[in-house]
file work.cif (mmCIF, C-alpha atoms and all ligand atoms)
data_entry
loop_
_atom_site.label_atom_id
_atom_site.label_comp_id
_atom_site.auth_asym_id
_atom_site.auth_seq_id
_atom_site.Cartn_x
_atom_site.Cartn_y
_atom_site.Cartn_z
CA MET R 1 -6.97 -29.70 1.50
CA ARG R 2 -7.72 -32.01 4.40
CA SER R 3 -4.15 -32.08 5.73
CA LEU R 4 -4.09 -28.33 6.45
CA PRO R 5 -2.92 -27.05 8.86
CA TYR R 6 0.18 -29.17 8.31
CA TYR R 7 2.92 -29.06 10.99
CA CYS R 8 6.48 -30.17 10.28
CA ARG R 9 10.08 -29.49 11.14
CA GLY R 10 13.49 -30.31 9.76
CA GLU R 11 17.06 -29.17 9.35
CA VAL R 12 17.79 -26.25 7.02
CA VAL R 13 19.92 -27.59 4.17
CA ARG R 14 21.71 -25.98 1.22
CA GLY R 15 19.96 -25.54 -2.12
CA PHE R 16 21.36 -23.97 -5.29
CA GLY R 17 21.98 -20.63 -3.55
CA ARG R 18 19.74 -18.88 -6.09
CA GLY R 19 17.13 -17.47 -3.72
CA SER R 20 19.24 -14.72 -2.19
CA LYS R 21 21.59 -14.15 -5.10
CA GLU R 22 19.30 -14.20 -8.13
CA LEU R 23 15.96 -13.23 -6.61
CA GLY R 24 16.89 -11.30 -3.47
CA ILE R 25 14.42 -13.58 -1.67
CA PRO R 26 16.19 -16.22 0.47
CA THR R 27 14.37 -19.53 0.98
CA ALA R 28 15.30 -22.05 3.67
CA ASN R 29 15.27 -25.52 2.09
CA PHE R 30 14.16 -28.73 3.83
CA PRO R 31 15.89 -32.11 3.32
CA GLU R 32 14.42 -34.74 0.99
CA THR R 33 13.02 -36.79 3.91
CA VAL R 34 10.74 -33.91 4.91
CA VAL R 35 9.63 -33.41 1.29
CA ASP R 36 8.91 -37.15 0.89
CA ASN R 37 6.73 -37.16 4.04
CA LEU R 38 4.26 -34.57 2.69
CA PRO R 39 0.69 -35.92 2.66
CA GLY R 40 -0.61 -36.64 -0.84
CA ASP R 41 -3.29 -33.95 -0.78
CA ILE R 42 -0.74 -31.18 -0.25
CA THR R 43 -0.10 -30.58 -3.93
CA THR R 44 2.72 -28.54 -5.44
CA GLY R 45 2.15 -24.81 -5.26
CA ILE R 46 2.59 -21.71 -3.14
CA TYR R 47 1.41 -21.69 0.48
CA TYR R 48 1.49 -19.42 3.55
CA GLY R 49 1.84 -20.08 7.25
CA TRP R 50 4.02 -19.56 10.32
CA ALA R 51 7.70 -20.41 10.84
CA SER R 52 10.29 -20.44 13.61
CA VAL R 53 14.04 -21.14 13.59
CA GLY R 54 15.21 -23.20 16.60
CA SER R 55 13.03 -21.98 19.44
CA ARG R 56 13.15 -18.35 18.38
CA ASP R 57 10.27 -16.01 17.46
CA VAL R 58 7.45 -17.16 15.18
CA HIS R 59 7.14 -15.19 11.93
CA LYS R 60 4.86 -15.19 8.91
CA MET R 61 6.14 -17.21 5.98
CA VAL R 62 5.46 -18.10 2.34
CA MET R 63 6.47 -21.46 0.96
CA SER R 64 7.01 -22.98 -2.45
CA ILE R 65 6.47 -26.72 -2.91
CA GLY R 66 7.44 -28.29 -6.21
CA TRP R 67 9.90 -28.28 -9.04
CA ASN R 68 10.26 -24.53 -9.68
CA PRO R 69 9.05 -24.64 -13.32
CA TYR R 70 10.96 -21.43 -14.10
CA TYR R 71 14.19 -23.31 -13.29
CA LYS R 72 12.99 -26.82 -14.27
CA ASN R 73 14.42 -28.48 -11.15
CA ILE R 74 14.63 -32.27 -11.17
CA LYS R 75 14.12 -32.70 -7.43
CA LYS R 76 10.93 -31.61 -5.66
CA SER R 77 11.69 -29.02 -2.98
CA MET R 78 10.00 -27.35 -0.02
CA GLU R 79 11.36 -23.83 0.40
CA THR R 80 10.32 -21.38 3.09
CA HIS R 81 10.79 -17.64 2.84
CA ILE R 82 10.38 -16.22 6.34
CA ILE R 83 8.93 -12.71 6.30
CA HIS R 84 11.55 -11.27 8.63
CA THR R 85 15.07 -9.88 8.26
CA PHE R 86 17.69 -12.13 9.89
CA LYS R 87 21.18 -10.90 10.78
CA GLU R 88 22.78 -14.23 9.81
CA ASP R 89 22.17 -17.43 7.87
CA PHE R 90 20.77 -20.39 9.81
CA TYR R 91 21.92 -23.46 7.86
CA GLY R 92 21.96 -26.59 10.05
CA GLU R 93 19.34 -25.24 12.47
CA ILE R 94 15.87 -26.73 12.91
CA LEU R 95 13.08 -24.92 11.11
CA SER R 96 9.54 -25.52 12.41
CA ILE R 97 6.60 -24.56 10.21
CA VAL R 98 2.86 -24.81 10.01
CA ILE R 99 1.32 -24.51 6.56
CA VAL R 100 -2.14 -22.99 6.91
CA GLY R 101 -3.34 -22.00 3.43
CA TYR R 102 -2.86 -22.28 -0.32
CA ILE R 103 -2.15 -19.27 -2.56
CA ARG R 104 -1.66 -20.54 -6.15
CA ALA R 105 -0.08 -23.12 -8.43
CA GLU R 106 3.62 -22.93 -9.38
CA LYS R 107 4.17 -21.31 -12.77
CA SER R 108 6.91 -20.66 -15.26
CA PHE R 109 7.50 -17.00 -16.15
CA ASP R 110 8.97 -15.29 -19.20
CA SER R 111 11.40 -13.27 -17.09
CA LEU R 112 13.07 -13.29 -13.69
CA ASP R 113 11.37 -9.95 -12.96
CA SER R 114 7.91 -11.48 -13.43
CA LEU R 115 8.80 -14.31 -11.04
CA ILE R 116 10.02 -11.82 -8.42
CA THR R 117 6.88 -9.67 -8.84
CA ALA R 118 4.70 -12.77 -8.36
CA ILE R 119 6.59 -13.71 -5.17
CA TYR R 120 6.13 -10.17 -3.74
CA SER R 121 2.44 -10.42 -4.42
CA ASP R 122 2.37 -13.82 -2.62
CA ILE R 123 4.12 -12.19 0.34
CA SER R 124 1.50 -9.43 0.64
CA GLU R 125 -1.32 -11.96 0.34
CA ALA R 126 0.26 -14.09 3.09
CA LYS R 127 0.73 -11.08 5.38
CA GLU R 128 -2.91 -10.10 4.98
CA LYS R 129 -4.36 -13.60 5.43
CA LEU R 130 -2.25 -14.37 8.51
CA ASP R 131 -3.67 -11.31 10.28
CA LEU R 132 -7.09 -13.02 10.34
CA PRO R 133 -8.11 -14.03 13.90
CA GLU R 134 -8.39 -17.73 12.97
CA TYR R 135 -4.64 -17.86 12.20
CA GLN R 136 -3.35 -15.68 15.04
CA SER R 137 -3.54 -18.31 17.78
CA MET R 138 -1.51 -20.82 15.76
CA LYS R 139 1.71 -18.92 16.23
CA ASP R 140 1.41 -19.30 20.01
CA GLU R 141 0.97 -23.07 19.97
CA ASN R 142 3.29 -25.39 21.92
CA PHE R 143 4.55 -26.83 18.64
CA PHE R 144 6.73 -23.73 18.35
CA ARG R 145 8.30 -24.21 21.79
CA PRO R 146 9.97 -27.64 21.46
CA ILE R 147 12.80 -27.00 23.92
CA GLU R 148 10.62 -25.48 26.65
CA ASN R 149 8.22 -28.42 26.29
CA LYS R 150 10.99 -30.93 26.85
CA ILE R 151 12.22 -29.17 29.96
CA MET R 152 8.71 -28.95 31.42
CA ASN R 153 7.93 -32.60 30.65
CA GLY R 154 11.08 -33.66 32.50
CA HIS R 155 9.84 -32.13 35.77
P1 LIG Q 1 19.80 -22.06 -0.69
O1 LIG Q 1 19.69 -22.35 -2.14
O2 LIG Q 1 20.98 -22.72 -0.06
O3 LIG Q 1 18.52 -22.38 0.03
P2 LIG Q 1 19.12 -19.23 -0.55
O4 LIG Q 1 19.76 -18.18 -1.40
O5 LIG Q 1 17.72 -19.62 -0.86
O6 LIG Q 1 20.08 -20.49 -0.56
O7 LIG Q 1 19.22 -18.71 0.93
C1 LIG Q 1 18.64 -19.46 1.96
C2 LIG Q 1 19.33 -19.29 3.31
O8 LIG Q 1 19.32 -17.92 3.69
C3 LIG Q 1 18.57 -20.03 4.39
O9 LIG Q 1 18.97 -21.38 4.47
C4 LIG Q 1 18.91 -19.22 5.64
O10 LIG Q 1 20.09 -19.74 6.23
C5 LIG Q 1 19.18 -17.82 5.11
N1 LIG Q 1 18.10 -16.84 5.34
C6 LIG Q 1 18.31 -15.57 5.79
N2 LIG Q 1 17.16 -14.89 5.90
C7 LIG Q 1 16.16 -15.73 5.52
C8 LIG Q 1 14.73 -15.59 5.43
N3 LIG Q 1 14.11 -14.43 5.76
N4 LIG Q 1 14.01 -16.66 5.02
C9 LIG Q 1 14.64 -17.81 4.69
N5 LIG Q 1 15.97 -18.00 4.74
C10 LIG Q 1 16.76 -16.98 5.16
N1 LIG Q 2 9.48 -20.83 -8.76
C1 LIG Q 2 8.88 -21.03 -9.95
O1 LIG Q 2 9.49 -21.57 -10.86
N2 LIG Q 2 7.58 -20.65 -10.17
C2 LIG Q 2 6.83 -20.04 -9.22
O2 LIG Q 2 5.66 -19.73 -9.46
C3 LIG Q 2 7.45 -19.80 -7.94
N3 LIG Q 2 6.77 -19.19 -6.95
C4 LIG Q 2 7.37 -18.98 -5.73
C5 LIG Q 2 6.68 -18.33 -4.72
C6 LIG Q 2 7.26 -18.10 -3.48
C7 LIG Q 2 6.47 -17.41 -2.41
C8 LIG Q 2 8.60 -18.53 -3.25
C9 LIG Q 2 9.26 -18.28 -1.94
C10 LIG Q 2 9.30 -19.16 -4.26
C11 LIG Q 2 8.71 -19.40 -5.51
N4 LIG Q 2 9.39 -20.05 -6.53
C12 LIG Q 2 8.80 -20.24 -7.75
C13 LIG Q 2 10.68 -20.70 -6.26
C14 LIG Q 2 11.90 -19.92 -6.65
O3 LIG Q 2 12.19 -20.16 -8.00
C15 LIG Q 2 13.02 -20.44 -5.74
O4 LIG Q 2 12.74 -20.04 -4.43
C16 LIG Q 2 14.38 -19.98 -6.16
O5 LIG Q 2 14.73 -20.59 -7.37
C17 LIG Q 2 15.45 -20.31 -5.10
O6 LIG Q 2 15.53 -21.67 -4.84
MG MG Q 3 16.65 -21.69 -0.89
#
call {"tool": "encode", "arguments": {"input": "work.cif", "output": "structure tokens"}}
result
Amino acid sequence: MRSLPYYCRGEVVRGFGRGSKELGIPTANFPETVVDNLPGDITTGIYYGWASVGSRDVHKMVMSIGWNPYYKNIKKSMETHIIHTFKEDFYGEILSIVIVGYIRAEKSFDSLDSLITAIYSDISEAKEKLDLPEYQSMKDENFFRPIENKIMNGH
């Protein structure tokens, strides 16, 4: 995929509320405008990368891009599960991400348990891959410090 790594940011909006409740795996959803701006070669599927809320710490993430075949969604979504435990929700805040690699295609499953098992396996793959030296430096890039950059540029 020529467009990787792909950097983007956007507001965290509400989805169907299924991630936390049904799967126990919350996913921060991007607005339609961010989804529509995806380059054509970033196909639907499951990806891994780095993510930061506001200008807070950068964490590993897994992301699902597509129509969630298990749920047969009508609208294409970009959902990020940040591999970190947050004390509170962060709806309305700006989520910055860099997508660095592809894991697999989206699939339908014959049970909710199989979907959850697949997501946990994606999470361990992402954790392992992101420990590689080639991905480590990305989490320290200026892209993840938007506020500090603005202040410095103004002086
Ligand atoms: P929705 O359908 O509205 O996206 P989810 O059940 O998927 O609802 O929960 C997503 C929300 O949970 C995010 O928008 C965010 O505010 C919060 N959240 C808490 N922890 C995380 C996390 N580790 N990764 C992603 N979102 C999280
Ligand atoms: N939904 C699917 O229908 N099929 C999948 O293969 C699938 N894989 C996912 C992998 C990851 C890492 C994540 C975070 C989500 C995945 N989802 C998948 C989306 C899931 O159904 C969705 O996050 C919930 O429905 C909450 O919106
Ligand atoms: Mg969600």
call {"tool": "closest_atom_pairs", "arguments": {"input": "work.cif", "of": "range 49-149 of chain R", "to": "range 13-21 of chain R", "cutoff": "10 Å", "atoms": "all atoms listed in the file", "output": "Markdown table"}}
result
| residue | atom | partner | partner_atom | distance |
| --- | --- | --- | --- | --- |
| R:Ser77 | CA | R:Gly15 | CA | 9.0 |
| R:Glu79 | CA | R:Gly15 | CA | 9.1 |
| R:His81 | CA | R:Gly19 | CA | 9.1 |
| R:Phe90 | CA | R:Val13 | CA | 9.2 |
| R:Tyr91 | CA | R:Val13 | CA | 5.9 |
| R:Gly92 | CA | R:Val13 | CA | 6.3 |
| R:Glu93 | CA | R:Val13 | CA | 8.6 |
| R:Ile94 | CA | R:Val13 | CA | 9.7 |
call {"tool": "closest_atom_pairs", "arguments": {"input": "work.cif", "of": "chain R", "to": "ligand LIG 2 (chain Q)", "cutoff": "8 Å", "atoms": "all atoms listed in the file", "output": "JSON lines"}}
result
{"residue": "R:Gly15", "atom": "CA", "partner": "Q:LIG2", "partner_atom": "O6", "distance": 6.5}
{"residue": "R:Phe16", "atom": "CA", "partner": "Q:LIG2", "partner_atom": "O6", "distance": 6.3}
{"residue": "R:Gly17", "atom": "CA", "partner": "Q:LIG2", "partner_atom": "O6", "distance": 6.7}
{"residue": "R:Arg18", "atom": "CA", "partner": "Q:LIG2", "partner_atom": "C17", "distance": 4.6}
{"residue": "R:Gly19", "atom": "CA", "partner": "Q:LIG2", "partner_atom": "C17", "distance": 3.6}
{"residue": "R:Ser20", "atom": "CA", "partner": "Q:LIG2", "partner_atom": "C17", "distance": 7.4}
{"residue": "R:Glu22", "atom": "CA", "partner": "Q:LIG2", "partner_atom": "C17", "distance": 7.8}
{"residue": "R:Leu23", "atom": "CA", "partner": "Q:LIG2", "partner_atom": "C16", "distance": 6.9}
{"residue": "R:Ile25", "atom": "CA", "partner": "Q:LIG2", "partner_atom": "C9", "distance": 7.0}
{"residue": "R:Pro26", "atom": "CA", "partner": "Q:LIG2", "partner_atom": "C17", "distance": 6.9}
{"residue": "R:Thr27", "atom": "CA", "partner": "Q:LIG2", "partner_atom": "O4", "distance": 5.7}
{"residue": "R:Asn29", "atom": "CA", "partner": "Q:LIG2", "partner_atom": "O6", "distance": 7.9}
{"residue": "R:Gly45", "atom": "CA", "partner": "Q:LIG2", "partner_atom": "O2", "distance": 7.5}
{"residue": "R:Ile46", "atom": "CA", "partner": "Q:LIG2", "partner_atom": "C5", "distance": 5.5}
{"residue": "R:Tyr47", "atom": "CA", "partner": "Q:LIG2", "partner_atom": "C7", "distance": 7.2}
{"residue": "R:Val62", "atom": "CA", "partner": "Q:LIG2", "partner_atom": "C7", "distance": 4.9}
{"residue": "R:Met63", "atom": "CA", "partner": "Q:LIG2", "partner_atom": "C9", "distance": 5.1}
{"residue": "R:Ser64", "atom": "CA", "partner": "Q:LIG2", "partner_atom": "C8", "distance": 4.8}
{"residue": "R:Trp67", "atom": "CA", "partner": "Q:LIG2", "partner_atom": "O1", "distance": 7.0}
{"residue": "R:Asn68", "atom": "CA", "partner": "Q:LIG2", "partner_atom": "O1", "distance": 3.3}
{"residue": "R:Pro69", "atom": "CA", "partner": "Q:LIG2", "partner_atom": "O1", "distance": 4.0}
{"residue": "R:Tyr70", "atom": "CA", "partner": "Q:LIG2", "partner_atom": "O1", "distance": 3.6}
{"residue": "R:Tyr71", "atom": "CA", "partner": "Q:LIG2", "partner_atom": "O1", "distance": 5.6}
{"residue": "R:Lys72", "atom": "CA", "partner": "Q:LIG2", "partner_atom": "O1", "distance": 7.2}
{"residue": "R:Glu79", "atom": "CA", "partner": "Q:LIG2", "partner_atom": "O4", "distance": 6.3}
{"residue": "R:Thr80", "atom": "CA", "partner": "Q:LIG2", "partner_atom": "C9", "distance": 6.0}
{"residue": "R:His81", "atom": "CA", "partner": "Q:LIG2", "partner_atom": "C9", "distance": 5.1}
{"residue": "R:Ala105", "atom": "CA", "partner": "Q:LIG2", "partner_atom": "O2", "distance": 6.7}
{"residue": "R:Glu106", "atom": "CA", "partner": "Q:LIG2", "partner_atom": "O2", "distance": 3.8}
{"residue": "R:Lys107", "atom": "CA", "partner": "Q:LIG2", "partner_atom": "O2", "distance": 4.0}
{"residue": "R:Ser108", "atom": "CA", "partner": "Q:LIG2", "partner_atom": "N2", "distance": 5.1}
{"residue": "R:Phe109", "atom": "CA", "partner": "Q:LIG2", "partner_atom": "N2", "distance": 7.0}
{"residue": "R:Leu115", "atom": "CA", "partner": "Q:LIG2", "partner_atom": "C2", "distance": 6.3}
{"residue": "R:Ala118", "atom": "CA", "partner": "Q:LIG2", "partner_atom": "N3", "distance": 6.9}
{"residue": "R:Ile119", "atom": "CA", "partner": "Q:LIG2", "partner_atom": "C7", "distance": 4.6}
{"residue": "R:Tyr120", "atom": "CA", "partner": "Q:LIG2", "partner_atom": "C7", "distance": 7.4}
{"residue": "R:Asp122", "atom": "CA", "partner": "Q:LIG2", "partner_atom": "C7", "distance": 5.5}
{"residue": "R:Ile123", "atom": "CA", "partner": "Q:LIG2", "partner_atom": "C7", "distance": 6.4}
call {"tool": "closest_residue", "arguments": {"input": "work.cif", "among": "R:Asp140, R:Asp89, R:Glu134, R:Asp110", "to": "ligand MG 3 (chain Q)", "atoms": "only C-alpha atoms and all ligand atoms"}}
result
R:Asp89
call {"tool": "closest_residue", "arguments": {"input": "work.cif", "among": "R:Tyr6, R:Phe30, R:Phe86, R:Tyr48", "to": "ligand LIG 1 (chain Q)", "atoms": "only C-alpha atoms and all ligand atoms"}}
result
R:Phe86
call {"tool": "closest_residue", "arguments": {"input": "work.cif", "among": "R:Glu88, R:Asp57, R:Asp36, R:Asp113", "to": "ligand LIG 1 (chain Q)", "atoms": "only C-alpha atoms and all ligand atoms"}}
result
R:Glu88
call {"tool": "closest_residue", "arguments": {"input": "work.cif", "among": "R:Ser96, R:Gly24, R:Pro39, R:His84", "to": "ligand MG 3 (chain Q)", "atoms": "all atoms listed in the file"}}
result
R:Gly24
call {"tool": "atom_distance", "arguments": {"input": "work.cif", "atom1": "CA of Lys129 in chain R", "atom2": "CA of Glu11 in chain R"}}
result
26.8 Å
call {"tool": "atom_distance", "arguments": {"input": "work.cif", "atom1": "CA of Met61 in chain R", "atom2": "CA of Val98 in chain R"}}
result
9.2 Å
call {"tool": "closest_residue", "arguments": {"input": "work.cif", "among": "R:Ser3, R:Glu125, R:Cys8, R:Ala28", "to": "ligand MG 3 (chain Q)", "atoms": "all atoms listed in the file"}}
result
R:Ala28
call {"tool": "axis_aligned_box", "arguments": {"input": "work.cif", "around": "ligand LIG 1 (chain Q)", "padding_each_side": "6 Å", "output": "AutoDock Vina command-line options"}}
result
--center_x 17.5 --center_y -18.6 --center_z 2.0 --size_x 19.0 --size_y 20.3 --size_z 20.4
call {"tool": "closest_residue", "arguments": {"input": "work.cif", "among": "R:Tyr7, R:Asp131, R:Ile42, R:Val12", "to": "ligand MG 3 (chain Q)", "atoms": "all atoms listed in the file"}}
result
R:Val12
call {"tool": "residues_around", "arguments": {"input": "work.cif", "residues": "Trp50 in chain R", "least_positions_apart": "2", "cutoff": "8 Å", "atoms": "only C-alpha atoms", "output": "MDAnalysis selection string"}}
result
chainID R and resid 48 52 58:61 97:100 138:139
call {"tool": "atom_distance", "arguments": {"input": "work.cif", "atom1": "CA of Met1 in chain R", "atom2": "CA of Thr44 in chain R"}}
result
12.0 Å
call {"tool": "build_atoms", "arguments": {"input": "work.cif", "residues": "range 1-12 of chain R", "atoms": "all heavy atoms", "output": "PDB file, in the frame of the given file"}}
result
ATOM      1  N   MET R   1      -8.053 -28.779   1.137  1.00  0.00           N
ATOM      2  CA  MET R   1      -6.970 -29.700   1.500  1.00  0.00           C
ATOM      3  C   MET R   1      -7.138 -30.189   2.931  1.00  0.00           C
ATOM      4  O   MET R   1      -7.014 -29.413   3.869  1.00  0.00           O
ATOM      5  CB  MET R   1      -5.625 -28.994   1.350  1.00  0.00           C
ATOM      6  CG  MET R   1      -5.015 -29.243  -0.010  1.00  0.00           C
ATOM      7  SD  MET R   1      -3.615 -28.183  -0.261  1.00  0.00           S
ATOM      8  CE  MET R   1      -4.106 -27.420  -1.806  1.00  0.00           C
ATOM      9  N   ARG R   2      -7.385 -31.457   3.086  1.00  0.00           N
ATOM     10  CA  ARG R   2      -7.720 -32.010   4.400  1.00  0.00           C
ATOM     11  C   ARG R   2      -6.549 -31.981   5.371  1.00  0.00           C
ATOM     12  O   ARG R   2      -6.741 -31.947   6.578  1.00  0.00           O
ATOM     13  CB  ARG R   2      -8.237 -33.447   4.241  1.00  0.00           C
ATOM     14  CG  ARG R   2      -9.567 -33.515   3.505  1.00  0.00           C
ATOM     15  CD  ARG R   2      -9.981 -34.931   3.227  1.00  0.00           C
ATOM     16  NE  ARG R   2     -10.158 -35.689   4.465  1.00  0.00           N
ATOM     17  CZ  ARG R   2     -10.023 -37.009   4.559  1.00  0.00           C
ATOM     18  NH1 ARG R   2      -9.674 -37.700   3.510  1.00  0.00           N
ATOM     19  NH2 ARG R   2     -10.223 -37.614   5.708  1.00  0.00           N
ATOM     20  N   SER R   3      -5.328 -32.037   4.851  1.00  0.00           N
ATOM     21  CA  SER R   3      -4.150 -32.080   5.730  1.00  0.00           C
ATOM     22  C   SER R   3      -3.751 -30.724   6.298  1.00  0.00           C
ATOM     23  O   SER R   3      -2.810 -30.644   7.076  1.00  0.00           O
ATOM     24  CB  SER R   3      -2.962 -32.694   5.002  1.00  0.00           C
ATOM     25  OG  SER R   3      -3.272 -33.991   4.585  1.00  0.00           O
ATOM     26  N   LEU R   4      -4.435 -29.644   5.905  1.00  0.00           N
ATOM     27  CA  LEU R   4      -4.090 -28.330   6.450  1.00  0.00           C
ATOM     28  C   LEU R   4      -4.874 -28.069   7.727  1.00  0.00           C
ATOM     29  O   LEU R   4      -6.046 -28.426   7.785  1.00  0.00           O
ATOM     30  CB  LEU R   4      -4.361 -27.222   5.432  1.00  0.00           C
ATOM     31  CG  LEU R   4      -3.541 -27.266   4.140  1.00  0.00           C
ATOM     32  CD1 LEU R   4      -3.820 -26.028   3.287  1.00  0.00           C
ATOM     33  CD2 LEU R   4      -2.048 -27.357   4.423  1.00  0.00           C
ATOM     34  N   PRO R   5      -4.323 -27.478   8.778  1.00  0.00           N
ATOM     35  CA  PRO R   5      -2.920 -27.050   8.860  1.00  0.00           C
ATOM     36  C   PRO R   5      -1.962 -28.237   8.951  1.00  0.00           C
ATOM     37  O   PRO R   5      -2.280 -29.233   9.608  1.00  0.00           O
ATOM     38  CB  PRO R   5      -2.888 -26.206  10.145  1.00  0.00           C
ATOM     39  CG  PRO R   5      -4.007 -26.731  10.983  1.00  0.00           C
ATOM     40  CD  PRO R   5      -5.064 -27.199  10.022  1.00  0.00           C
ATOM     41  N   TYR R   6      -0.819 -28.108   8.303  1.00  0.00           N
ATOM     42  CA  TYR R   6       0.180 -29.170   8.310  1.00  0.00           C
ATOM     43  C   TYR R   6       1.431 -28.690   9.068  1.00  0.00           C
ATOM     44  O   TYR R   6       2.045 -27.687   8.713  1.00  0.00           O
ATOM     45  CB  TYR R   6       0.559 -29.572   6.882  1.00  0.00           C
ATOM     46  CG  TYR R   6       1.588 -30.674   6.824  1.00  0.00           C
ATOM     47  CD1 TYR R   6       1.287 -31.971   7.248  1.00  0.00           C
ATOM     48  CD2 TYR R   6       2.876 -30.419   6.345  1.00  0.00           C
ATOM     49  CE1 TYR R   6       2.237 -32.983   7.198  1.00  0.00           C
ATOM     50  CE2 TYR R   6       3.828 -31.433   6.287  1.00  0.00           C
ATOM     51  CZ  TYR R   6       3.501 -32.709   6.719  1.00  0.00           C
ATOM     52  OH  TYR R   6       4.431 -33.705   6.671  1.00  0.00           O
ATOM     53  N   TYR R   7       1.775 -29.416  10.143  1.00  0.00           N
ATOM     54  CA  TYR R   7       2.920 -29.060  10.990  1.00  0.00           C
ATOM     55  C   TYR R   7       4.114 -29.928  10.607  1.00  0.00           C
ATOM     56  O   TYR R   7       3.971 -31.143  10.485  1.00  0.00           O
ATOM     57  CB  TYR R   7       2.594 -29.344  12.460  1.00  0.00           C
ATOM     58  CG  TYR R   7       1.514 -28.454  13.032  1.00  0.00           C
ATOM     59  CD1 TYR R   7       0.167 -28.730  12.829  1.00  0.00           C
ATOM     60  CD2 TYR R   7       1.859 -27.327  13.779  1.00  0.00           C
ATOM     61  CE1 TYR R   7      -0.828 -27.909  13.355  1.00  0.00           C
ATOM     62  CE2 TYR R   7       0.876 -26.500  14.312  1.00  0.00           C
ATOM     63  CZ  TYR R   7      -0.465 -26.798  14.091  1.00  0.00           C
ATOM     64  OH  TYR R   7      -1.437 -25.984  14.606  1.00  0.00           O
ATOM     65  N   CYS R   8       5.282 -29.338  10.452  1.00  0.00           N
ATOM     66  CA  CYS R   8       6.480 -30.170  10.280  1.00  0.00           C
ATOM     67  C   CYS R   8       7.732 -29.401  10.666  1.00  0.00           C
ATOM     68  O   CYS R   8       7.711 -28.175  10.790  1.00  0.00           O
ATOM     69  CB  CYS R   8       6.585 -30.738   8.869  1.00  0.00           C
ATOM     70  SG  CYS R   8       7.126 -29.597   7.620  1.00  0.00           S
ATOM     71  N   ARG R   9       8.801 -30.152  10.917  1.00  0.00           N
ATOM     72  CA  ARG R   9      10.080 -29.490  11.140  1.00  0.00           C
ATOM     73  C   ARG R   9      11.217 -30.309  10.557  1.00  0.00           C
ATOM     74  O   ARG R   9      11.086 -31.502  10.321  1.00  0.00           O
ATOM     75  CB  ARG R   9      10.326 -29.137  12.603  1.00  0.00           C
ATOM     76  CG  ARG R   9      10.212 -30.220  13.626  1.00  0.00           C
ATOM     77  CD  ARG R   9      10.565 -29.646  15.035  1.00  0.00           C
ATOM     78  NE  ARG R   9       9.615 -30.088  16.028  1.00  0.00           N
ATOM     79  CZ  ARG R   9       8.744 -29.301  16.647  1.00  0.00           C
ATOM     80  NH1 ARG R   9       8.721 -28.009  16.409  1.00  0.00           N
ATOM     81  NH2 ARG R   9       7.900 -29.797  17.521  1.00  0.00           N
ATOM     82  N   GLY R  10      12.341 -29.624  10.336  1.00  0.00           N
ATOM     83  CA  GLY R  10      13.490 -30.310   9.760  1.00  0.00           C
ATOM     84  C   GLY R  10      14.674 -29.366   9.714  1.00  0.00           C
ATOM     85  O   GLY R  10      14.532 -28.157   9.950  1.00  0.00           O
ATOM     86  N   GLU R  11      15.825 -29.961   9.419  1.00  0.00           N
ATOM     87  CA  GLU R  11      17.060 -29.170   9.350  1.00  0.00           C
ATOM     88  C   GLU R  11      17.042 -28.290   8.099  1.00  0.00           C
ATOM     89  O   GLU R  11      16.504 -28.680   7.067  1.00  0.00           O
ATOM     90  CB  GLU R  11      18.236 -30.155   9.284  1.00  0.00           C
ATOM     91  CG  GLU R  11      19.580 -29.509   9.462  1.00  0.00           C
ATOM     92  CD  GLU R  11      20.728 -30.511   9.271  1.00  0.00           C
ATOM     93  OE1 GLU R  11      20.502 -31.736   9.425  1.00  0.00           O
ATOM     94  OE2 GLU R  11      21.832 -30.053   8.957  1.00  0.00           O
ATOM     95  N   VAL R  12      17.653 -27.130   8.193  1.00  0.00           N
ATOM     96  CA  VAL R  12      17.790 -26.250   7.020  1.00  0.00           C
ATOM     97  C   VAL R  12      19.030 -26.685   6.237  1.00  0.00           C
ATOM     98  O   VAL R  12      20.134 -26.678   6.779  1.00  0.00           O
ATOM     99  CB  VAL R  12      17.895 -24.772   7.456  1.00  0.00           C
ATOM    100  CG1 VAL R  12      18.136 -23.875   6.250  1.00  0.00           C
ATOM    101  CG2 VAL R  12      16.644 -24.346   8.215  1.00  0.00           C
TER     102      VAL R  12
END
